[in-house]
$ cat final.txt   # compact mmCIF, C-alpha atoms and all ligand atoms
# COMPACT_ATOMS: atom_id res chain seq x y z
CA MET V 27 44.09 -2.91 -31.84
CA ALA V 28 44.45 -5.00 -28.74
CA ILE V 29 41.49 -6.35 -26.78
CA GLU V 30 41.91 -5.07 -23.23
CA ARG V 31 40.01 -5.11 -19.95
CA THR V 32 39.55 -2.18 -17.61
CA LEU V 33 37.92 -1.64 -14.22
CA SER V 34 35.02 0.80 -14.05
CA ILE V 35 33.27 2.15 -10.95
CA LEU V 36 29.97 4.01 -11.05
CA LYS V 37 30.46 6.21 -8.00
CA PRO V 38 27.91 7.03 -5.24
CA ASP V 39 26.73 10.26 -6.95
CA CYS V 40 25.85 8.12 -9.95
CA THR V 41 23.89 5.41 -8.10
CA ALA V 42 22.15 8.05 -5.92
CA ARG V 43 20.56 9.58 -9.03
CA ASN V 44 19.56 6.28 -10.69
CA LEU V 45 22.06 6.81 -13.51
CA THR V 46 23.37 3.22 -13.76
CA GLY V 47 21.31 2.47 -16.86
CA GLU V 48 22.19 5.69 -18.67
CA VAL V 49 25.90 5.32 -17.96
CA ASN V 50 25.81 1.66 -19.00
CA ALA V 51 24.13 2.69 -22.26
CA MET V 52 26.99 5.11 -22.94
CA ILE V 53 29.56 2.40 -22.14
CA GLU V 54 27.90 -0.13 -24.43
CA GLY V 55 27.28 2.53 -27.08
CA ALA V 56 31.03 3.16 -27.14
CA GLY V 57 31.63 -0.49 -28.05
CA LEU V 58 32.74 -1.64 -24.61
CA ARG V 59 31.28 -4.89 -23.25
CA ILE V 60 30.31 -5.13 -19.55
CA ILE V 61 31.71 -8.59 -18.82
CA ALA V 62 31.23 -8.45 -15.03
CA GLN V 63 29.20 -6.17 -12.77
CA LYS V 64 28.12 -5.91 -9.14
CA ARG V 65 26.67 -3.31 -6.80
CA LEU V 66 28.18 -2.98 -3.34
CA ARG V 67 28.93 -0.52 -0.57
CA LEU V 68 32.68 0.05 -0.15
CA SER V 69 33.97 -0.23 3.41
CA GLN V 70 36.42 2.35 4.71
CA ASP V 71 39.23 -0.22 4.40
CA MET V 72 38.34 -1.08 0.81
CA ALA V 73 38.16 2.58 -0.26
CA GLU V 74 41.47 3.41 1.44
CA ALA V 75 43.15 0.41 -0.17
CA PHE V 76 41.67 1.06 -3.62
CA TYR V 77 42.75 4.72 -3.63
CA GLY V 78 45.99 4.05 -1.68
CA VAL V 79 48.06 5.76 -4.40
CA HIS V 80 46.38 9.07 -3.38
CA ARG V 81 47.00 8.58 0.37
CA ASP V 82 49.25 11.66 0.62
CA ARG V 83 47.00 13.99 -1.37
CA GLY V 84 45.00 16.65 0.48
CA PHE V 85 41.70 15.31 -0.85
CA PHE V 86 42.25 11.69 0.27
CA GLY V 87 40.07 11.80 3.41
CA ASP V 88 37.19 13.47 1.58
CA LEU V 89 37.55 11.06 -1.34
CA VAL V 90 37.27 8.02 0.96
CA LYS V 91 34.29 9.59 2.71
CA PHE V 92 32.60 10.21 -0.64
CA MET V 93 33.33 6.74 -2.03
CA THR V 94 31.83 5.11 1.09
CA SER V 95 28.79 7.44 1.23
CA GLY V 96 26.53 5.15 -0.81
CA PRO V 97 26.52 2.14 -3.11
CA VAL V 98 28.82 1.84 -6.09
CA VAL V 99 28.61 -0.40 -9.16
CA VAL V 100 31.91 -2.04 -10.08
CA GLN V 101 32.39 -3.43 -13.57
CA ALA V 102 34.96 -5.12 -15.74
CA LEU V 103 34.81 -3.75 -19.29
CA GLU V 104 36.31 -5.40 -22.35
CA GLY V 105 36.99 -4.13 -25.85
CA ASP V 106 39.50 -2.73 -28.33
CA ASN V 107 41.84 -0.41 -26.44
CA ALA V 108 39.39 -0.55 -23.52
CA ILE V 109 41.57 1.37 -21.05
CA ALA V 110 42.06 4.49 -23.18
CA ARG V 111 38.65 4.14 -24.81
CA TYR V 112 36.82 4.19 -21.46
CA ARG V 113 38.83 7.18 -20.25
CA GLU V 114 37.73 8.97 -23.43
CA VAL V 115 34.09 8.08 -22.73
CA MET V 116 34.48 9.22 -19.08
CA GLY V 117 35.99 12.61 -19.92
CA ALA V 118 38.42 14.70 -17.86
CA THR V 119 38.63 14.27 -14.06
CA ASN V 120 37.22 17.76 -13.59
CA PRO V 121 33.80 17.80 -15.30
CA TYR V 122 34.28 21.47 -16.19
CA ASN V 123 37.15 20.38 -18.46
CA ALA V 124 35.38 17.30 -19.83
CA ALA V 125 34.47 17.16 -23.52
CA PRO V 126 30.82 17.27 -24.60
CA ASN V 127 29.00 13.92 -24.62
CA THR V 128 31.33 12.37 -22.05
CA ILE V 129 29.92 10.76 -18.91
CA ARG V 130 31.50 13.34 -16.61
CA ARG V 131 30.40 16.31 -18.71
CA ARG V 132 26.84 15.00 -18.76
CA PHE V 133 26.49 13.76 -15.19
CA ALA V 134 29.35 14.73 -12.84
CA SER V 135 28.73 17.31 -10.13
CA ASN V 136 32.33 18.39 -9.41
CA ILE V 137 35.93 17.13 -9.43
CA GLU V 138 35.27 14.81 -6.47
CA ALA V 139 31.74 13.59 -7.24
CA ASN V 140 32.69 12.84 -10.82
CA SER V 141 30.41 9.84 -11.40
CA VAL V 142 32.89 7.24 -12.68
CA HIS V 143 36.32 5.70 -12.26
CA GLY V 144 38.35 3.98 -14.96
CA SER V 145 41.76 2.31 -14.69
CA ASP V 146 44.67 4.38 -16.02
CA SER V 147 47.06 1.64 -17.24
CA ALA V 148 47.09 -2.04 -18.19
CA GLU V 149 48.99 -2.86 -15.01
CA ASN V 150 46.48 -1.04 -12.79
CA ALA V 151 43.52 -2.48 -14.71
CA ALA V 152 44.66 -6.02 -13.87
CA ILE V 153 45.22 -5.11 -10.20
CA GLU V 154 41.88 -3.28 -9.91
CA ILE V 155 39.81 -6.01 -11.64
CA ASN V 156 41.43 -8.51 -9.31
CA PHE V 157 40.56 -6.28 -6.34
CA PHE V 158 36.82 -6.68 -6.99
CA PHE V 159 36.28 -9.87 -9.02
CA ARG V 160 37.26 -13.51 -8.81
CA GLU V 161 38.17 -15.15 -12.11
CA ASP V 162 34.92 -17.18 -12.11
CA GLU V 163 32.83 -13.98 -11.81
CA ILE V 164 34.03 -12.77 -15.22
CA THR V 165 32.13 -14.50 -17.97
CA GLY V 166 33.31 -12.60 -21.05
P1 LIG V 201 39.59 7.95 -11.25
O1 LIG V 201 40.90 7.43 -10.69
O2 LIG V 201 38.49 8.03 -10.22
O3 LIG V 201 39.20 7.24 -12.50
P2 LIG V 201 41.01 10.09 -12.48
O4 LIG V 201 42.01 9.04 -12.85
O5 LIG V 201 40.43 10.93 -13.57
O6 LIG V 201 39.78 9.45 -11.73
P3 LIG V 201 42.72 10.74 -10.24
O7 LIG V 201 43.74 11.79 -10.36
O8 LIG V 201 43.12 9.30 -10.26
O9 LIG V 201 41.60 11.04 -11.37
O10 LIG V 201 41.89 11.03 -8.92
C1 LIG V 201 41.07 10.02 -8.34
C2 LIG V 201 39.77 10.62 -7.86
O11 LIG V 201 40.06 11.52 -6.78
C3 LIG V 201 39.06 11.51 -8.88
O12 LIG V 201 38.24 10.79 -9.77
C4 LIG V 201 38.24 12.38 -7.99
O13 LIG V 201 37.06 11.70 -7.53
C5 LIG V 201 39.17 12.62 -6.82
N1 LIG V 201 39.97 13.84 -7.00
C6 LIG V 201 41.00 14.03 -7.85
N2 LIG V 201 41.51 15.26 -7.76
C7 LIG V 201 40.77 15.88 -6.81
C8 LIG V 201 40.78 17.18 -6.22
N3 LIG V 201 41.66 18.10 -6.59
N4 LIG V 201 39.85 17.45 -5.27
C9 LIG V 201 38.95 16.52 -4.88
N5 LIG V 201 38.89 15.28 -5.36
C10 LIG V 201 39.78 14.97 -6.32
MG MG V 202 42.83 7.66 -11.47

$ encode --input "final.txt" --output "structure tokens"
Amino acid sequence: MAIERTLSILKPDCTARNLTGEVNAMIEGAGLRIIAQKRLRLSQDMAEAFYGVHRDRGFFGDLVKFMTSGPVVVQALEGDNAIARYREVMGATNPYNAAPNTIRRRFASNIEANSVHGSDSAENAAIEINFFFREDEITG
């Protein structure tokens, strides 16, 4: 299996309920290494740019409002098959469809406030990690 990196975001519903530690324990328990991490508040511009691919979707305005409503924790994760592995650990976008013992099944409130983001392809992972981290902020 290939060692990959993926970009993770613990969303505002997650930080609001002090769940950073519990989610990080699930990430590390799944064999993924947190090789970079910082907590920040997304600006409107950053949220719109990050989720630009969803600009034409009906939920875009609400999504940007939600993502800027409180602090987030952004992380670069590394491990075997990290992109698919993290999406497995996250569970389905809609927590009602998420498998047991996934982050979203355990913690997400609804399809919007769904606790975490994970990159969906190797190409997007590289773009998204680069969006938040300089090379010298990733220590491995
Ligand atoms: P993410 O990109 O955050 O990892 P995802 O890849 O599972 O999640 P996407 O389809 O990329 O899901 O949607 C991005 C985010 O937009 C979702 O995580 C969720 O917060 C929000 N979202 C998606 N679909 C809806 C919807 N129908 N109504 C409200 N919000 C939605
Ligand atoms: Mg997505």

$ residues_near_ligand --input "final.txt" --ligand "ligand LIG 201 (chain V)" --cutoff "6 Å" --atoms "only C-alpha atoms and all ligand atoms" --output "NGL selection string"
:V and (85 or 89 or 119 or 137-140 or 143-145)

$ residues_near_ligand --input "final.txt" --ligand "ligand MG 202 (chain V)" --cutoff "12 Å" --atoms "all atoms listed in the file" --output "MDAnalysis selection string"
chainID V and resid 33:35 76:80 89 109 113 116:120 137:138 140 142:147 150:151 154

$ closest_residue --input "final.txt" --among "V:Ile164, V:Ala108, V:Leu68, V:Ile155" --to "Ala28 of chain V" --atoms "all atoms listed in the file"
V:Ala108

$ residues_near_point --input "final.txt" --point "(26.9, 5.1, -12.2)" --cutoff "6 Å" --atoms "only C-alpha atoms" --output "list in words"
Leu36, Lys37, Cys40, Thr41, Leu45, Thr46, Val49 and Ser141 of chain V

$ atom_distance --input "final.txt" --atom1 "atom CA of Phe92 of chain V" --atom2 "atom CA of Arg132 of chain V"
19.6 Å

$ closest_residue --input "final.txt" --among "V:Asn156, V:Ser95, V:Asn136, V:Thr165" --to "Ala62 of chain V" --atoms "only C-alpha atoms"
V:Thr165

$ closest_residue --input "final.txt" --among "V:Glu149, V:Asp39, V:Glu30, V:Asp71" --to "Ser135 of chain V" --atoms "only C-alpha atoms"
V:Asp39

$ closest_residue --input "final.txt" --among "V:Pro38, V:Phe133, V:Arg111, V:Tyr122" --to "Thr94 of chain V" --atoms "all atoms listed in the file"
V:Pro38

$ residues_near_point --input "final.txt" --point "(29.3, 0.0, -1.3)" --cutoff "10 Å" --atoms "all atoms listed in the file" --output "short mmCIF file (atom, residue, chain, number, x, y, z; two decimals) with C-alpha atoms, in the frame of the given file"
data_model
loop_
_atom_site.label_atom_id
_atom_site.label_comp_id
_atom_site.auth_asym_id
_atom_site.auth_seq_id
_atom_site.Cartn_x
_atom_site.Cartn_y
_atom_site.Cartn_z
CA LYS V 37 30.46 6.21 -8.00
CA PRO V 38 27.91 7.03 -5.24
CA LYS V 64 28.12 -5.91 -9.14
CA ARG V 65 26.67 -3.31 -6.80
CA LEU V 66 28.18 -2.98 -3.34
CA ARG V 67 28.93 -0.52 -0.57
CA LEU V 68 32.68 0.05 -0.15
CA SER V 69 33.97 -0.23 3.41
CA GLN V 70 36.42 2.35 4.71
CA MET V 72 38.34 -1.08 0.81
CA ALA V 73 38.16 2.58 -0.26
CA MET V 93 33.33 6.74 -2.03
CA THR V 94 31.83 5.11 1.09
CA SER V 95 28.79 7.44 1.23
CA GLY V 96 26.53 5.15 -0.81
CA PRO V 97 26.52 2.14 -3.11
CA VAL V 98 28.82 1.84 -6.09
CA VAL V 99 28.61 -0.40 -9.16
CA VAL V 100 31.91 -2.04 -10.08
#

$ atom_distance --input "final.txt" --atom1 "atom CA of Leu58 of chain V" --atom2 "atom CA of Leu103 of chain V"
6.1 Å

$ build_atoms --input "final.txt" --residues "segment 69-94 of chain V" --atoms "N, CA, C and O atoms" --output "PDB file, in the coordinates of the input"
ATOM      1  N   SER V  69      33.614  -0.513   2.020  1.00  0.00           N
ATOM      2  CA  SER V  69      33.970  -0.230   3.410  1.00  0.00           C
ATOM      3  C   SER V  69      35.079   0.820   3.401  1.00  0.00           C
ATOM      4  O   SER V  69      35.721   1.065   2.363  1.00  0.00           O
ATOM      5  N   GLN V  70      35.316   1.401   4.567  1.00  0.00           N
ATOM      6  CA  GLN V  70      36.420   2.350   4.710  1.00  0.00           C
ATOM      7  C   GLN V  70      37.743   1.720   4.287  1.00  0.00           C
ATOM      8  O   GLN V  70      38.528   2.326   3.542  1.00  0.00           O
ATOM      9  N   ASP V  71      37.977   0.476   4.734  1.00  0.00           N
ATOM     10  CA  ASP V  71      39.230  -0.220   4.400  1.00  0.00           C
ATOM     11  C   ASP V  71      39.373  -0.438   2.899  1.00  0.00           C
ATOM     12  O   ASP V  71      40.462  -0.265   2.341  1.00  0.00           O
ATOM     13  N   MET V  72      38.276  -0.839   2.268  1.00  0.00           N
ATOM     14  CA  MET V  72      38.340  -1.080   0.810  1.00  0.00           C
ATOM     15  C   MET V  72      38.632   0.218   0.063  1.00  0.00           C
ATOM     16  O   MET V  72      39.458   0.241  -0.850  1.00  0.00           O
ATOM     17  N   ALA V  73      37.966   1.307   0.444  1.00  0.00           N
ATOM     18  CA  ALA V  73      38.160   2.580  -0.260  1.00  0.00           C
ATOM     19  C   ALA V  73      39.588   3.085  -0.053  1.00  0.00           C
ATOM     20  O   ALA V  73      40.237   3.554  -0.990  1.00  0.00           O
ATOM     21  N   GLU V  74      40.095   2.959   1.173  1.00  0.00           N
ATOM     22  CA  GLU V  74      41.470   3.410   1.440  1.00  0.00           C
ATOM     23  C   GLU V  74      42.480   2.572   0.669  1.00  0.00           C
ATOM     24  O   GLU V  74      43.467   3.091   0.138  1.00  0.00           O
ATOM     25  N   ALA V  75      42.227   1.281   0.566  1.00  0.00           N
ATOM     26  CA  ALA V  75      43.150   0.410  -0.170  1.00  0.00           C
ATOM     27  C   ALA V  75      43.061   0.705  -1.667  1.00  0.00           C
ATOM     28  O   ALA V  75      44.087   0.822  -2.350  1.00  0.00           O
ATOM     29  N   PHE V  76      41.840   0.852  -2.177  1.00  0.00           N
ATOM     30  CA  PHE V  76      41.670   1.060  -3.620  1.00  0.00           C
ATOM     31  C   PHE V  76      42.349   2.358  -4.064  1.00  0.00           C
ATOM     32  O   PHE V  76      42.988   2.412  -5.108  1.00  0.00           O
ATOM     33  N   TYR V  77      42.184   3.415  -3.261  1.00  0.00           N
ATOM     34  CA  TYR V  77      42.750   4.720  -3.630  1.00  0.00           C
ATOM     35  C   TYR V  77      44.068   4.990  -2.893  1.00  0.00           C
ATOM     36  O   TYR V  77      44.471   6.149  -2.767  1.00  0.00           O
ATOM     37  N   GLY V  78      44.749   3.931  -2.443  1.00  0.00           N
ATOM     38  CA  GLY V  78      45.990   4.050  -1.680  1.00  0.00           C
ATOM     39  C   GLY V  78      47.041   4.940  -2.327  1.00  0.00           C
ATOM     40  O   GLY V  78      47.803   5.624  -1.626  1.00  0.00           O
ATOM     41  N   VAL V  79      47.087   4.951  -3.662  1.00  0.00           N
ATOM     42  CA  VAL V  79      48.060   5.760  -4.400  1.00  0.00           C
ATOM     43  C   VAL V  79      47.870   7.257  -4.102  1.00  0.00           C
ATOM     44  O   VAL V  79      48.808   8.048  -4.221  1.00  0.00           O
ATOM     45  N   HIS V  80      46.664   7.652  -3.672  1.00  0.00           N
ATOM     46  CA  HIS V  80      46.380   9.070  -3.380  1.00  0.00           C
ATOM     47  C   HIS V  80      46.465   9.396  -1.891  1.00  0.00           C
ATOM     48  O   HIS V  80      46.064  10.482  -1.473  1.00  0.00           O
ATOM     49  N   ARG V  81      46.989   8.447  -1.094  1.00  0.00           N
ATOM     50  CA  ARG V  81      47.000   8.580   0.370  1.00  0.00           C
ATOM     51  C   ARG V  81      47.571   9.927   0.854  1.00  0.00           C
ATOM     52  O   ARG V  81      47.094  10.476   1.850  1.00  0.00           O
ATOM     53  N   ASP V  82      48.592  10.427   0.158  1.00  0.00           N
ATOM     54  CA  ASP V  82      49.250  11.660   0.620  1.00  0.00           C
ATOM     55  C   ASP V  82      48.642  12.930   0.042  1.00  0.00           C
ATOM     56  O   ASP V  82      49.119  14.032   0.338  1.00  0.00           O
ATOM     57  N   ARG V  83      47.620  12.803  -0.777  1.00  0.00           N
ATOM     58  CA  ARG V  83      47.000  13.990  -1.370  1.00  0.00           C
ATOM     59  C   ARG V  83      46.024  14.615  -0.373  1.00  0.00           C
ATOM     60  O   ARG V  83      45.410  13.918   0.441  1.00  0.00           O
ATOM     61  N   GLY V  84      45.869  15.921  -0.460  1.00  0.00           N
ATOM     62  CA  GLY V  84      45.000  16.650   0.480  1.00  0.00           C
ATOM     63  C   GLY V  84      43.555  16.193   0.443  1.00  0.00           C
ATOM     64  O   GLY V  84      42.844  16.277   1.450  1.00  0.00           O
ATOM     65  N   PHE V  85      43.112  15.674  -0.712  1.00  0.00           N
ATOM     66  CA  PHE V  85      41.700  15.310  -0.850  1.00  0.00           C
ATOM     67  C   PHE V  85      41.401  13.868  -0.444  1.00  0.00           C
ATOM     68  O   PHE V  85      40.270  13.426  -0.546  1.00  0.00           O
ATOM     69  N   PHE V  86      42.426  13.134   0.044  1.00  0.00           N
ATOM     70  CA  PHE V  86      42.250  11.690   0.270  1.00  0.00           C
ATOM     71  C   PHE V  86      41.118  11.369   1.265  1.00  0.00           C
ATOM     72  O   PHE V  86      40.267  10.521   0.994  1.00  0.00           O
ATOM     73  N   GLY V  87      41.098  12.071   2.393  1.00  0.00           N
ATOM     74  CA  GLY V  87      40.070  11.800   3.410  1.00  0.00           C
ATOM     75  C   GLY V  87      38.669  12.037   2.862  1.00  0.00           C
ATOM     76  O   GLY V  87      37.759  11.219   3.059  1.00  0.00           O
ATOM     77  N   ASP V  88      38.502  13.148   2.168  1.00  0.00           N
ATOM     78  CA  ASP V  88      37.190  13.470   1.580  1.00  0.00           C
ATOM     79  C   ASP V  88      36.812  12.457   0.509  1.00  0.00           C
ATOM     80  O   ASP V  88      35.648  12.084   0.381  1.00  0.00           O
ATOM     81  N   LEU V  89      37.806  12.027  -0.268  1.00  0.00           N
ATOM     82  CA  LEU V  89      37.550  11.060  -1.340  1.00  0.00           C
ATOM     83  C   LEU V  89      37.040   9.730  -0.756  1.00  0.00           C
ATOM     84  O   LEU V  89      36.059   9.156  -1.242  1.00  0.00           O
ATOM     85  N   VAL V  90      37.688   9.277   0.309  1.00  0.00           N
ATOM     86  CA  VAL V  90      37.270   8.020   0.960  1.00  0.00           C
ATOM     87  C   VAL V  90      35.867   8.176   1.540  1.00  0.00           C
ATOM     88  O   VAL V  90      35.010   7.281   1.405  1.00  0.00           O
ATOM     89  N   LYS V  91      35.613   9.325   2.145  1.00  0.00           N
ATOM     90  CA  LYS V  91      34.290   9.590   2.710  1.00  0.00           C
ATOM     91  C   LYS V  91      33.221   9.557   1.597  1.00  0.00           C
ATOM     92  O   LYS V  91      32.159   8.955   1.743  1.00  0.00           O
ATOM     93  N   PHE V  92      33.531  10.196   0.490  1.00  0.00           N
ATOM     94  CA  PHE V  92      32.600  10.210  -0.640  1.00  0.00           C
ATOM     95  C   PHE V  92      32.377   8.811  -1.189  1.00  0.00           C
ATOM     96  O   PHE V  92      31.237   8.383  -1.425  1.00  0.00           O
ATOM     97  N   MET V  93      33.450   8.059  -1.394  1.00  0.00           N
ATOM     98  CA  MET V  93      33.330   6.740  -2.030  1.00  0.00           C
ATOM     99  C   MET V  93      32.606   5.726  -1.146  1.00  0.00           C
ATOM    100  O   MET V  93      32.132   4.702  -1.645  1.00  0.00           O
ATOM    101  N   THR V  94      32.539   6.010   0.180  1.00  0.00           N
ATOM    102  CA  THR V  94      31.830   5.110   1.090  1.00  0.00           C
ATOM    103  C   THR V  94      30.445   5.659   1.450  1.00  0.00           C
ATOM    104  O   THR V  94      29.747   5.084   2.286  1.00  0.00           O
TER     105      THR V  94
END
